[in-house]
$ cat run.txt   # compact mmCIF, C-alpha atoms and all ligand atoms
# COMPACT_ATOMS: atom_id res chain seq x y z
CA MET Z 1 -16.68 12.52 -31.81
CA PHE Z 2 -16.43 14.80 -28.78
CA PRO Z 3 -18.95 17.68 -28.68
CA LEU Z 4 -17.25 20.98 -29.41
CA ARG Z 5 -17.25 23.67 -26.73
CA PRO Z 6 -19.58 26.52 -27.86
CA PRO Z 7 -17.59 29.71 -28.56
CA VAL Z 8 -18.02 32.92 -26.51
CA TRP Z 9 -17.81 36.13 -28.57
CA ILE Z 10 -16.36 39.26 -27.08
CA GLY Z 11 -18.84 42.16 -27.12
CA GLN Z 12 -22.03 40.09 -27.21
CA SER Z 13 -25.09 41.27 -25.25
CA SER Z 14 -25.43 40.19 -21.61
CA ASN Z 15 -28.56 38.18 -22.53
CA LYS Z 16 -26.67 36.39 -25.20
CA LEU Z 17 -23.78 35.87 -22.75
CA ASN Z 18 -26.08 34.32 -20.12
CA GLU Z 19 -27.57 32.09 -22.78
CA THR Z 20 -24.09 31.02 -23.85
CA ARG Z 21 -23.08 30.35 -20.22
CA ALA Z 22 -26.17 28.17 -19.75
CA THR Z 23 -25.28 26.22 -22.90
CA GLN Z 24 -21.71 25.90 -21.67
CA LYS Z 25 -22.88 24.54 -18.30
CA LYS Z 26 -25.07 22.01 -20.07
CA TRP Z 27 -22.14 21.10 -22.31
CA ILE Z 28 -19.89 20.51 -19.33
CA LEU Z 29 -22.45 18.26 -17.62
CA SER Z 30 -23.37 16.29 -20.70
CA SER Z 31 -19.76 15.77 -21.77
CA MET Z 32 -18.57 14.61 -18.31
CA LYS Z 33 -19.85 11.10 -18.77
CA ILE Z 34 -17.73 9.10 -16.37
CA THR Z 35 -16.60 5.77 -17.79
CA ASP Z 36 -17.93 2.47 -16.49
CA ARG Z 37 -14.46 1.49 -15.37
CA MET Z 38 -14.45 4.35 -12.84
CA THR Z 39 -17.32 2.70 -11.00
CA ARG Z 40 -15.04 -0.28 -10.41
CA LEU Z 41 -12.34 1.80 -8.72
CA GLY Z 42 -12.12 1.47 -4.92
CA THR Z 43 -10.27 3.57 -2.40
CA GLU Z 44 -8.19 3.41 0.75
CA SER Z 45 -10.25 4.15 3.84
CA ALA Z 46 -7.17 5.34 5.78
CA PHE Z 47 -7.20 8.57 3.78
CA GLU Z 48 -10.95 9.04 4.31
CA VAL Z 49 -10.77 8.45 8.06
CA LEU Z 50 -7.75 10.76 8.29
CA ALA Z 51 -9.76 13.53 6.61
CA LYS Z 52 -12.71 12.93 9.00
CA ALA Z 53 -10.38 12.96 12.00
CA GLN Z 54 -8.74 16.19 10.88
CA LYS Z 55 -12.16 17.80 10.50
CA LEU Z 56 -13.02 16.85 14.08
CA GLU Z 57 -9.67 18.22 15.25
CA ALA Z 58 -10.31 21.48 13.43
CA ALA Z 59 -13.57 21.69 15.39
CA GLY Z 60 -11.60 21.35 18.65
CA GLN Z 61 -11.80 17.60 19.37
CA SER Z 62 -8.67 15.75 20.50
CA VAL Z 63 -7.95 12.76 18.24
CA ILE Z 64 -5.20 10.15 18.52
CA HIS Z 65 -4.22 8.94 15.07
CA LEU Z 66 -3.91 5.18 14.76
CA GLU Z 67 -5.45 5.07 11.29
CA ILE Z 68 -2.81 6.10 8.80
CA GLY Z 69 0.00 3.70 7.91
CA GLU Z 70 3.06 5.87 7.99
CA PRO Z 71 6.03 6.17 10.33
CA ASP Z 72 5.76 9.08 12.76
CA PHE Z 73 9.55 9.58 12.40
CA ASP Z 74 11.25 12.10 10.16
CA THR Z 75 13.28 10.94 7.17
CA PRO Z 76 16.88 10.29 8.37
CA GLU Z 77 19.07 13.38 8.10
CA HIS Z 78 21.60 11.99 5.61
CA ILE Z 79 18.78 11.18 3.17
CA VAL Z 80 17.29 14.66 3.48
CA GLU Z 81 20.76 16.17 2.91
CA ALA Z 82 21.26 14.02 -0.20
CA GLY Z 83 17.93 15.28 -1.56
CA ILE Z 84 18.81 18.92 -0.87
CA LYS Z 85 22.26 18.50 -2.40
CA ALA Z 86 20.74 16.90 -5.48
CA LEU Z 87 18.40 19.87 -5.89
CA ARG Z 88 21.35 22.27 -5.57
CA ASP Z 89 23.42 20.19 -7.99
CA GLY Z 90 20.73 20.55 -10.65
CA TYR Z 91 19.01 17.16 -10.50
CA THR Z 92 15.82 18.94 -11.39
CA HIS Z 93 15.28 17.58 -14.90
CA TYR Z 94 13.57 14.54 -16.35
CA SER Z 95 15.28 11.21 -15.82
CA PRO Z 96 14.99 8.06 -17.97
CA SER Z 97 11.54 6.52 -17.34
CA PRO Z 98 12.82 3.35 -15.60
CA GLY Z 99 15.00 5.45 -13.24
CA ILE Z 100 18.54 6.79 -13.09
CA GLY Z 101 21.25 4.19 -13.65
CA PRO Z 102 22.97 4.50 -10.24
CA LEU Z 103 19.68 4.06 -8.33
CA ARG Z 104 18.62 1.07 -10.44
CA GLN Z 105 22.04 -0.44 -9.76
CA ALA Z 106 21.82 0.31 -6.01
CA ILE Z 107 18.39 -1.37 -5.91
CA ALA Z 108 19.67 -4.38 -7.88
CA ASP Z 109 22.58 -4.71 -5.40
CA HIS Z 110 20.22 -4.29 -2.41
CA ILE Z 111 17.79 -6.96 -3.62
CA SER Z 112 20.62 -9.31 -4.61
CA ARG Z 113 22.05 -8.98 -1.09
CA THR Z 114 18.83 -9.11 0.94
CA ARG Z 115 16.99 -11.79 -1.12
CA HIS Z 116 20.10 -13.86 -1.96
CA ILE Z 117 19.54 -13.85 -5.72
CA ALA Z 118 21.35 -12.24 -8.66
CA VAL Z 119 19.50 -9.17 -9.95
CA THR Z 120 20.66 -6.83 -12.72
CA SER Z 121 19.71 -3.17 -13.07
CA ASP Z 122 17.66 -3.78 -16.24
CA GLN Z 123 15.21 -5.74 -14.06
CA VAL Z 124 14.52 -2.67 -11.91
CA ILE Z 125 11.85 -0.01 -12.53
CA VAL Z 126 11.73 3.03 -10.25
CA THR Z 127 8.36 4.72 -9.65
CA PRO Z 128 6.82 7.43 -7.42
CA GLY Z 129 5.98 5.00 -4.59
CA VAL Z 130 5.15 1.32 -4.84
CA LYS Z 131 1.54 1.89 -5.85
CA PRO Z 132 2.29 2.58 -9.54
CA ILE Z 133 4.12 -0.76 -9.80
CA MET Z 134 0.94 -2.43 -8.53
CA PHE Z 135 -1.17 -0.62 -11.08
CA PHE Z 136 1.23 -1.11 -13.99
CA THR Z 137 1.73 -4.80 -13.25
CA MET Z 138 -2.01 -5.31 -13.30
CA LEU Z 139 -2.36 -3.33 -16.54
CA ALA Z 140 0.42 -5.35 -18.15
CA LEU Z 141 -0.61 -8.83 -16.96
CA ALA Z 142 -4.38 -8.98 -16.33
CA GLN Z 143 -7.41 -8.17 -18.43
CA GLU Z 144 -11.05 -9.12 -18.90
CA GLY Z 145 -11.51 -12.86 -18.54
CA ASP Z 146 -8.47 -13.23 -16.28
CA GLU Z 147 -8.54 -14.00 -12.58
CA VAL Z 148 -6.23 -12.57 -9.96
CA ILE Z 149 -5.91 -14.09 -6.48
CA PHE Z 150 -5.40 -11.60 -3.68
CA PRO Z 151 -5.27 -11.75 0.14
CA ASP Z 152 -8.48 -11.13 2.14
CA PRO Z 153 -8.13 -9.19 4.35
CA GLY Z 154 -5.59 -7.25 2.34
CA TYR Z 155 -4.38 -3.88 1.16
CA PRO Z 156 -7.52 -2.48 -0.52
CA ILE Z 157 -5.75 -1.18 -3.61
CA TYR Z 158 -5.15 -4.73 -4.87
CA GLU Z 159 -8.84 -5.48 -5.35
CA SER Z 160 -9.49 -1.99 -6.64
CA MET Z 161 -6.83 -2.33 -9.34
CA ILE Z 162 -7.89 -5.87 -10.31
CA ARG Z 163 -11.45 -4.64 -10.89
CA PHE Z 164 -10.26 -1.51 -12.66
CA VAL Z 165 -8.36 -3.47 -15.30
CA GLY Z 166 -11.44 -5.65 -15.85
CA ALA Z 167 -10.12 -8.86 -14.32
CA LYS Z 168 -11.95 -10.93 -11.70
CA PRO Z 169 -10.75 -10.60 -8.10
CA VAL Z 170 -10.51 -13.96 -6.32
CA PRO Z 171 -9.93 -13.59 -2.57
CA VAL Z 172 -7.88 -16.07 -0.59
CA SER Z 173 -8.44 -16.04 3.16
CA LEU Z 174 -6.04 -15.09 5.91
CA THR Z 175 -7.66 -16.25 9.12
CA GLU Z 176 -6.97 -15.53 12.76
CA LYS Z 177 -7.08 -19.27 13.48
CA PHE Z 178 -3.90 -19.69 11.37
CA ASP Z 179 -2.25 -16.55 12.74
CA PHE Z 180 -3.40 -14.72 9.60
CA GLY Z 181 -1.18 -16.91 7.45
CA LEU Z 182 -2.41 -17.50 3.92
CA ASP Z 183 -4.52 -20.64 3.52
CA VAL Z 184 -2.37 -22.47 0.96
CA ASP Z 185 -4.85 -25.32 0.42
CA GLN Z 186 -7.57 -22.81 -0.34
CA LEU Z 187 -5.18 -21.01 -2.68
CA ARG Z 188 -4.55 -24.24 -4.57
CA SER Z 189 -8.29 -24.83 -4.92
CA LEU Z 190 -8.84 -21.32 -6.31
CA VAL Z 191 -6.47 -21.68 -9.25
CA THR Z 192 -8.28 -22.11 -12.57
CA PRO Z 193 -7.11 -22.02 -16.20
CA ARG Z 194 -8.02 -18.30 -16.09
CA THR Z 195 -5.76 -17.44 -13.15
CA LYS Z 196 -2.96 -15.11 -14.22
CA LEU Z 197 -1.53 -13.63 -11.08
CA ILE Z 198 -1.26 -14.23 -7.34
CA ILE Z 199 -0.71 -11.26 -5.05
CA LEU Z 200 1.27 -11.76 -1.85
CA ASN Z 201 2.08 -9.29 0.89
CA SER Z 202 4.45 -10.17 3.71
CA PRO Z 203 4.71 -8.72 6.33
CA HIS Z 204 1.10 -8.04 5.79
CA ASN Z 205 -1.12 -5.00 5.90
CA PRO Z 206 -3.51 -5.04 7.81
CA THR Z 207 -2.75 -8.05 10.04
CA GLY Z 208 1.04 -7.79 10.47
CA SER Z 209 1.40 -11.53 9.69
CA ALA Z 210 4.39 -12.89 7.78
CA LEU Z 211 4.42 -15.81 5.36
CA THR Z 212 6.48 -18.75 6.59
CA GLN Z 213 9.22 -20.34 4.52
CA ASP Z 214 7.08 -23.49 4.20
CA SER Z 215 4.03 -21.56 2.92
CA LEU Z 216 6.17 -19.67 0.44
CA LYS Z 217 7.66 -22.91 -0.84
CA GLU Z 218 4.20 -24.35 -1.43
CA ILE Z 219 2.94 -21.16 -3.08
CA ALA Z 220 6.00 -21.18 -5.34
CA GLN Z 221 5.19 -24.76 -6.38
CA ILE Z 222 1.58 -23.78 -7.17
CA ALA Z 223 2.81 -20.82 -9.25
CA CYS Z 224 5.32 -22.94 -11.18
CA GLU Z 225 2.94 -25.86 -11.78
CA ASN Z 226 0.25 -23.53 -13.12
CA ASP Z 227 2.55 -21.09 -14.92
CA LEU Z 228 1.37 -18.10 -12.85
CA ALA Z 229 2.99 -14.75 -12.15
CA VAL Z 230 3.32 -13.57 -8.54
CA MET Z 231 3.24 -9.95 -7.45
CA SER Z 232 5.00 -9.87 -4.09
CA ASP Z 233 4.48 -6.71 -2.07
CA GLU Z 234 7.47 -6.58 0.27
CA ILE Z 235 7.21 -2.98 1.41
CA TYR Z 236 7.42 -4.06 5.09
CA SER Z 237 10.33 -6.48 4.52
CA GLU Z 238 12.62 -4.68 6.99
CA MET Z 239 9.91 -4.60 9.66
CA LEU Z 240 10.02 -8.18 10.85
CA TYR Z 241 10.47 -8.48 14.62
CA GLY Z 242 12.12 -11.87 14.80
CA GLY Z 243 13.41 -14.56 12.47
CA LYS Z 244 14.72 -14.26 8.94
CA TYR Z 245 12.90 -12.59 6.09
CA HIS Z 246 11.95 -14.87 3.21
CA SER Z 247 10.78 -13.77 -0.21
CA ILE Z 248 8.96 -15.89 -2.79
CA ILE Z 249 11.51 -14.73 -5.37
CA GLN Z 250 14.18 -16.90 -3.70
CA PHE Z 251 12.48 -20.18 -4.54
CA PRO Z 252 13.43 -22.25 -7.61
CA GLY Z 253 11.75 -21.10 -10.79
CA MET Z 254 10.34 -17.94 -9.18
CA GLN Z 255 12.66 -15.18 -10.37
CA GLU Z 256 11.30 -15.40 -13.90
CA ARG Z 257 7.66 -15.13 -12.70
CA THR Z 258 7.88 -12.68 -9.76
CA ILE Z 259 7.31 -8.95 -9.64
CA LEU Z 260 8.86 -7.94 -6.33
CA MET Z 261 7.72 -4.55 -5.05
CA ASP Z 262 9.54 -2.67 -2.33
CA GLY Z 263 10.07 0.96 -1.54
CA PHE Z 264 11.25 3.73 0.67
CA SER Z 265 8.00 4.97 2.27
CA LYS Z 266 8.03 2.74 5.35
CA THR Z 267 11.64 1.65 6.00
CA TYR Z 268 13.14 5.12 5.58
CA ALA Z 269 10.09 7.14 6.70
CA MET Z 270 9.80 8.66 3.21
CA THR Z 271 6.06 8.43 2.48
CA GLY Z 272 5.82 11.97 1.09
CA TRP Z 273 8.88 11.71 -1.13
CA ARG Z 274 7.10 9.12 -3.31
CA LEU Z 275 9.74 6.55 -4.15
CA GLY Z 276 9.32 2.84 -4.79
CA TYR Z 277 10.38 0.17 -7.24
CA GLY Z 278 9.65 -3.14 -8.86
CA VAL Z 279 12.11 -5.94 -9.63
CA MET Z 280 10.92 -8.21 -12.43
CA PRO Z 281 12.04 -10.12 -15.51
CA ALA Z 282 13.82 -7.72 -17.89
CA GLU Z 283 11.27 -8.37 -20.71
CA LEU Z 284 8.42 -7.27 -18.45
CA ALA Z 285 10.44 -4.28 -17.24
CA ILE Z 286 10.40 -2.92 -20.82
CA HIS Z 287 6.58 -2.86 -20.78
CA ILE Z 288 6.35 -1.42 -17.27
CA GLY Z 289 8.89 1.24 -18.30
CA ARG Z 290 6.62 2.20 -21.21
CA LEU Z 291 3.72 2.58 -18.78
CA VAL Z 292 5.91 4.95 -16.75
CA THR Z 293 6.64 6.97 -19.91
CA ASN Z 294 2.93 7.11 -20.72
CA SER Z 295 1.84 8.17 -17.24
CA VAL Z 296 4.29 10.03 -14.98
CA SER Z 297 7.29 10.17 -17.39
CA CYS Z 298 9.70 9.44 -14.56
CA THR Z 299 10.21 9.72 -10.81
CA ALA Z 300 11.52 13.07 -9.48
CA THR Z 301 15.24 12.98 -10.19
CA PHE Z 302 16.46 14.52 -6.91
CA VAL Z 303 14.24 12.08 -5.00
CA GLN Z 304 15.99 9.23 -6.79
CA LYS Z 305 19.33 10.65 -5.65
CA ALA Z 306 18.03 10.65 -2.06
CA GLY Z 307 17.04 7.02 -2.61
CA ILE Z 308 20.68 6.11 -3.34
CA ALA Z 309 21.65 7.68 0.00
CA ALA Z 310 18.93 5.65 1.74
CA LEU Z 311 20.17 2.35 0.31
CA THR Z 312 23.89 2.98 0.64
CA GLY Z 313 24.12 5.25 3.71
CA PRO Z 314 24.15 4.47 7.44
CA GLU Z 315 21.47 2.02 8.63
CA GLU Z 316 21.46 3.05 12.27
CA PRO Z 317 18.76 5.80 12.08
CA TRP Z 318 16.09 3.63 10.49
CA ARG Z 319 17.06 0.52 12.43
CA LYS Z 320 16.50 2.56 15.62
CA MET Z 321 13.03 3.50 14.35
CA ILE Z 322 12.18 -0.15 13.70
CA ALA Z 323 13.45 -1.15 17.17
CA GLU Z 324 11.08 1.46 18.60
CA PHE Z 325 8.16 -0.04 16.62
CA LYS Z 326 8.95 -3.40 18.19
CA LEU Z 327 8.62 -1.89 21.69
CA ARG Z 328 5.35 -0.25 20.76
CA ARG Z 329 4.01 -3.55 19.45
CA GLU Z 330 4.34 -5.00 22.96
CA VAL Z 331 2.53 -2.03 24.51
CA ILE Z 332 -0.39 -2.06 22.10
CA VAL Z 333 -0.90 -5.86 22.01
CA ASP Z 334 -0.80 -6.19 25.81
CA GLY Z 335 -3.00 -3.11 26.24
CA LEU Z 336 -5.65 -4.31 23.78
CA ASN Z 337 -5.76 -7.79 25.30
CA ALA Z 338 -6.47 -6.20 28.68
CA ILE Z 339 -9.68 -4.61 27.31
CA LYS Z 340 -12.91 -6.58 27.70
CA GLY Z 341 -14.21 -7.93 24.40
CA ILE Z 342 -10.92 -7.53 22.51
CA ARG Z 343 -8.56 -10.33 21.50
CA CYS Z 344 -5.30 -9.43 19.76
CA ARG Z 345 -2.53 -11.59 18.29
CA ARG Z 346 1.09 -10.46 18.43
CA PRO Z 347 1.90 -9.73 14.77
CA ALA Z 348 5.20 -10.76 13.23
CA GLY Z 349 5.90 -7.50 11.44
CA ALA Z 350 4.86 -4.16 9.87
CA PHE Z 351 3.34 -1.63 12.32
CA TYR Z 352 -0.26 -2.81 12.50
CA VAL Z 353 -2.35 -4.85 14.90
CA PHE Z 354 -5.61 -6.47 13.86
CA PRO Z 355 -7.59 -7.22 17.01
CA ASN Z 356 -10.77 -9.28 17.01
CA VAL Z 357 -13.47 -7.01 18.45
CA THR Z 358 -16.52 -9.25 18.07
CA GLY Z 359 -16.70 -9.55 21.88
CA ILE Z 360 -17.61 -5.85 22.10
CA GLY Z 361 -20.90 -6.55 20.34
CA LEU Z 362 -20.78 -3.74 17.79
CA ASP Z 363 -20.32 -4.04 14.04
CA SER Z 364 -16.68 -3.14 13.32
CA ASN Z 365 -17.66 -0.25 10.99
CA VAL Z 366 -19.88 1.20 13.70
CA LEU Z 367 -17.24 0.63 16.36
CA ALA Z 368 -14.52 2.39 14.32
CA ASP Z 369 -16.83 5.33 13.67
CA ARG Z 370 -17.92 5.62 17.31
CA LEU Z 371 -14.34 5.34 18.56
CA LEU Z 372 -13.44 8.31 16.41
CA ARG Z 373 -16.45 10.47 17.27
CA GLU Z 374 -17.03 9.52 20.89
CA ALA Z 375 -13.60 8.48 22.15
CA GLY Z 376 -11.26 10.50 19.92
CA VAL Z 377 -9.31 7.50 18.60
CA ALA Z 378 -8.97 7.14 14.84
CA VAL Z 379 -8.76 3.49 13.77
CA LEU Z 380 -9.89 1.58 10.69
CA SER Z 381 -12.62 -1.02 10.46
CA GLY Z 382 -11.25 -4.41 9.39
CA ALA Z 383 -14.11 -4.59 6.88
CA ALA Z 384 -12.30 -1.92 4.82
CA PHE Z 385 -9.72 -4.62 4.03
CA GLY Z 386 -12.13 -7.24 2.68
CA HIS Z 387 -14.96 -9.54 3.76
CA GLN Z 388 -12.71 -11.52 6.10
CA GLY Z 389 -11.85 -8.32 7.94
CA ALA Z 390 -15.33 -7.82 9.40
CA GLY Z 391 -15.22 -8.13 13.19
CA TYR Z 392 -11.71 -6.68 13.40
CA LEU Z 393 -10.10 -3.27 13.66
CA ARG Z 394 -6.78 -2.16 12.22
CA LEU Z 395 -4.66 0.03 14.45
CA SER Z 396 -1.34 1.45 13.34
CA TYR Z 397 1.18 1.73 16.16
CA ALA Z 398 3.32 4.23 14.29
CA ASN Z 399 2.64 6.67 17.12
CA SER Z 400 4.39 7.46 20.42
CA ILE Z 401 4.05 5.10 23.39
CA GLN Z 402 2.45 7.97 25.29
CA ASN Z 403 -0.22 8.39 22.61
CA ILE Z 404 -0.74 4.64 22.31
CA ASN Z 405 -1.33 4.41 26.07
CA GLU Z 406 -3.75 7.32 25.95
CA ALA Z 407 -5.60 5.70 23.01
CA LEU Z 408 -5.83 2.40 24.92
CA ALA Z 409 -7.26 4.22 27.96
CA ARG Z 410 -9.84 5.97 25.76
CA ILE Z 411 -10.85 2.71 24.05
CA ASP Z 412 -11.15 0.99 27.45
CA ARG Z 413 -13.35 3.80 28.80
CA PHE Z 414 -15.53 3.71 25.70
CA VAL Z 415 -15.98 -0.08 25.79
CA SER Z 416 -16.74 -0.02 29.56
CA SER Z 417 -19.41 2.63 28.98
CA LEU Z 418 -21.39 0.46 26.53
N1 LIG W 1 1.75 -1.79 -0.16
C1 LIG W 1 1.27 -1.88 1.08
C2 LIG W 1 0.96 -3.23 1.65
C3 LIG W 1 1.05 -0.73 1.84
O1 LIG W 1 0.57 -0.85 3.09
C4 LIG W 1 1.30 0.53 1.26
C5 LIG W 1 1.02 1.76 1.98
O2 LIG W 1 0.38 1.81 3.01
C6 LIG W 1 1.78 0.57 -0.05
C7 LIG W 1 2.00 -0.61 -0.72
C8 LIG W 1 2.02 1.87 -0.76
O3 LIG W 1 3.30 2.31 -0.57
P1 LIG W 1 3.90 3.57 -1.34
O4 LIG W 1 3.88 4.71 -0.37
O5 LIG W 1 5.31 3.15 -1.66
O6 LIG W 1 3.11 3.81 -2.57

$ encode --input "run.txt" --output "structure tokens"
Amino acid sequence: MFPLRPPVWIGQSSNKLNETRATQKKWILSSMKITDRMTRLGTESAFEVLAKAQKLEAAGQSVIHLEIGEPDFDTPEHIVEAGIKALRDGYTHYSPSPGIGPLRQAIADHISRTRHIAVTSDQVIVTPGVKPIMFFTMLALAQEGDEVIFPDPGYPIYESMIRFVGAKPVPVSLTEKFDFGLDVDQLRSLVTPRTKLIILNSPHNPTGSALTQDSLKEIAQIACENDLAVMSDEIYSEMLYGGKYHSIIQFPGMQERTILMDGFSKTYAMTGWRLGYGVMPAELAIHIGRLVTNSVSCTATFVQKAGIAALTGPEEPWRKMIAEFKLRREVIVDGLNAIKGIRCRRPAGAFYVFPNVTGIGLDSNVLADRLLREAGVAVLSGAAFGHQGAGYLRLSYANSIQNINEALARIDRFVSSL
């Protein structure tokens, strides 16, 4: 039974009122007993560092932002227009929880075309960003006693969500030695009768690595042999700077065990619109759809209309943005490698670099903090992405070449001054 809030009577004496207020305060404190599961919830350091950086900027310090993972470009005009038109046309009401039919169909067509498989619209669930698909998949497929294998370093929300649902997080290493590819032999050795789910992310945040066709084939075999589900985070699928994109869902036996996540935040510079989706077996989609009903009801209807324009409209604006990211990758990789104590691989995709900074001689958390405070460059410590990330930094190059060059000069000056 919840304690009942003590009533406040109109017209009572001020002494009585103060007494009642004190009781109320006590009631609020004693009833706000945070659940154990909340202690298992992690966070994303990019948002914390961004807030710190903005505070320094408000106090007059110049900061170059290489911490947050979002395109510095505006959403392409035709997508914005589609959103505005949808608002004017009255797409301001609830939509079905799994998404509006035409968007689900456009996504099914897009995934069928880009992943070379046959997808139907009942396999598609639309959500406000990709993150809810992550959360809902974990809620639907993993619980206490289960194990979930996830990449280390990796996007921090994976481990946070695994812990939150009560399952055991089992990290699989991505090491610099293997170009931050996933160690498939280690993965095989980590599978137990309790393993339920493997999480993949390619191109990868934070290292920018991409899984090779051979690795994916082996991972698919492991998943099939052990009857495991795979959650494949493909949000950077369009940001691959050479070669063909391969998805685990394309391999034999994988469509019925894969939850493919992709979205609009990165490719179409739509982070603030909140639009993403999952493609999964239709039976699972029913459960994930119920989680949407129970949480956010649906994704904003006019945003979904804009999503159709993104998938079916001209590609040139966002392809130009991605071509620009490729140029910036060259600038930042070459610039970092020219700084004493830093060693940086050329990543295959996304818009992140993950340089090894052990040669500088500072702990990567300390280095990231000092770079922000003393050099005015906001970056993330690799340790925020898992144990294997210690000794690295993550820099997002979703910033202008001019700013990247200035950041490199500041980092160089800082390192030389040590
Ligand atoms: N997955 C990865 C690997 C990401 O890096 C991000 C955002 O940084 C997301 C998912 C979240 O994307 P969304 O904005 O669609 O929720």

$ residues_around --input "run.txt" --residues "segment 197-207 of chain Z" --least-positions-apart "4" --cutoff "8 Å" --atoms "only C-alpha atoms" --output "compact mmCIF listing (two decimals) with C-alpha atoms, keeping the file's coordinate frame"
# COMPACT_ATOMS: atom_id res chain seq x y z
CA LEU Z 141 -0.61 -8.83 -16.96
CA ALA Z 142 -4.38 -8.98 -16.33
CA GLU Z 147 -8.54 -14.00 -12.58
CA VAL Z 148 -6.23 -12.57 -9.96
CA ILE Z 149 -5.91 -14.09 -6.48
CA PHE Z 150 -5.40 -11.60 -3.68
CA PRO Z 151 -5.27 -11.75 0.14
CA PRO Z 153 -8.13 -9.19 4.35
CA GLY Z 154 -5.59 -7.25 2.34
CA TYR Z 155 -4.38 -3.88 1.16
CA TYR Z 158 -5.15 -4.73 -4.87
CA PHE Z 180 -3.40 -14.72 9.60
CA LEU Z 211 4.42 -15.81 5.36
CA ALA Z 223 2.81 -20.82 -9.25
CA LEU Z 228 1.37 -18.10 -12.85
CA ALA Z 229 2.99 -14.75 -12.15
CA VAL Z 230 3.32 -13.57 -8.54
CA MET Z 231 3.24 -9.95 -7.45
CA SER Z 232 5.00 -9.87 -4.09
CA ASP Z 233 4.48 -6.71 -2.07
CA GLU Z 234 7.47 -6.58 0.27
CA ILE Z 235 7.21 -2.98 1.41
CA TYR Z 236 7.42 -4.06 5.09
CA SER Z 237 10.33 -6.48 4.52
CA MET Z 239 9.91 -4.60 9.66
CA LEU Z 240 10.02 -8.18 10.85
CA PRO Z 347 1.90 -9.73 14.77
CA ALA Z 348 5.20 -10.76 13.23
CA GLY Z 349 5.90 -7.50 11.44
CA ALA Z 350 4.86 -4.16 9.87
CA TYR Z 352 -0.26 -2.81 12.50
CA VAL Z 353 -2.35 -4.85 14.90
CA PHE Z 354 -5.61 -6.47 13.86
CA GLY Z 382 -11.25 -4.41 9.39
CA PHE Z 385 -9.72 -4.62 4.03
CA ARG Z 394 -6.78 -2.16 12.22

$ closest_residue --input "run.txt" --among "Z:Val415, Z:Val63, Z:Gly99, Z:Pro317" --to "Val49 of chain Z" --atoms "all atoms listed in the file"
Z:Val63

$ residues_around --input "run.txt" --residues "His116 of chain Z" --least-positions-apart "6" --cutoff "12 Å" --atoms "all atoms listed in the file" --output "PDB file with C-alpha atoms, in the coordinates of the input"
ATOM      1  CA  ALA Z 108      19.670  -4.380  -7.880  1.00  0.00           C
ATOM      2  CA  ASP Z 109      22.580  -4.710  -5.400  1.00  0.00           C
ATOM      3  CA  HIS Z 110      20.220  -4.290  -2.410  1.00  0.00           C
ATOM      4  CA  TYR Z 245      12.900 -12.590   6.090  1.00  0.00           C
ATOM      5  CA  HIS Z 246      11.950 -14.870   3.210  1.00  0.00           C
ATOM      6  CA  SER Z 247      10.780 -13.770  -0.210  1.00  0.00           C
ATOM      7  CA  ILE Z 248       8.960 -15.890  -2.790  1.00  0.00           C
ATOM      8  CA  ILE Z 249      11.510 -14.730  -5.370  1.00  0.00           C
ATOM      9  CA  GLN Z 250      14.180 -16.900  -3.700  1.00  0.00           C
ATOM     10  CA  PHE Z 251      12.480 -20.180  -4.540  1.00  0.00           C
ATOM     11  CA  GLN Z 255      12.660 -15.180 -10.370  1.00  0.00           C
TER      12      GLN Z 255
END

$ closest_residue --input "run.txt" --among "Z:Asp369, Z:Ile34, Z:Thr293, Z:Cys344" --to "Gly208 of chain Z" --atoms "only C-alpha atoms"
Z:Cys344

$ atom_distance --input "run.txt" --atom1 "atom CA of Ser381 of chain Z" --atom2 "atom CA of Thr358 of chain Z"
11.9 Å
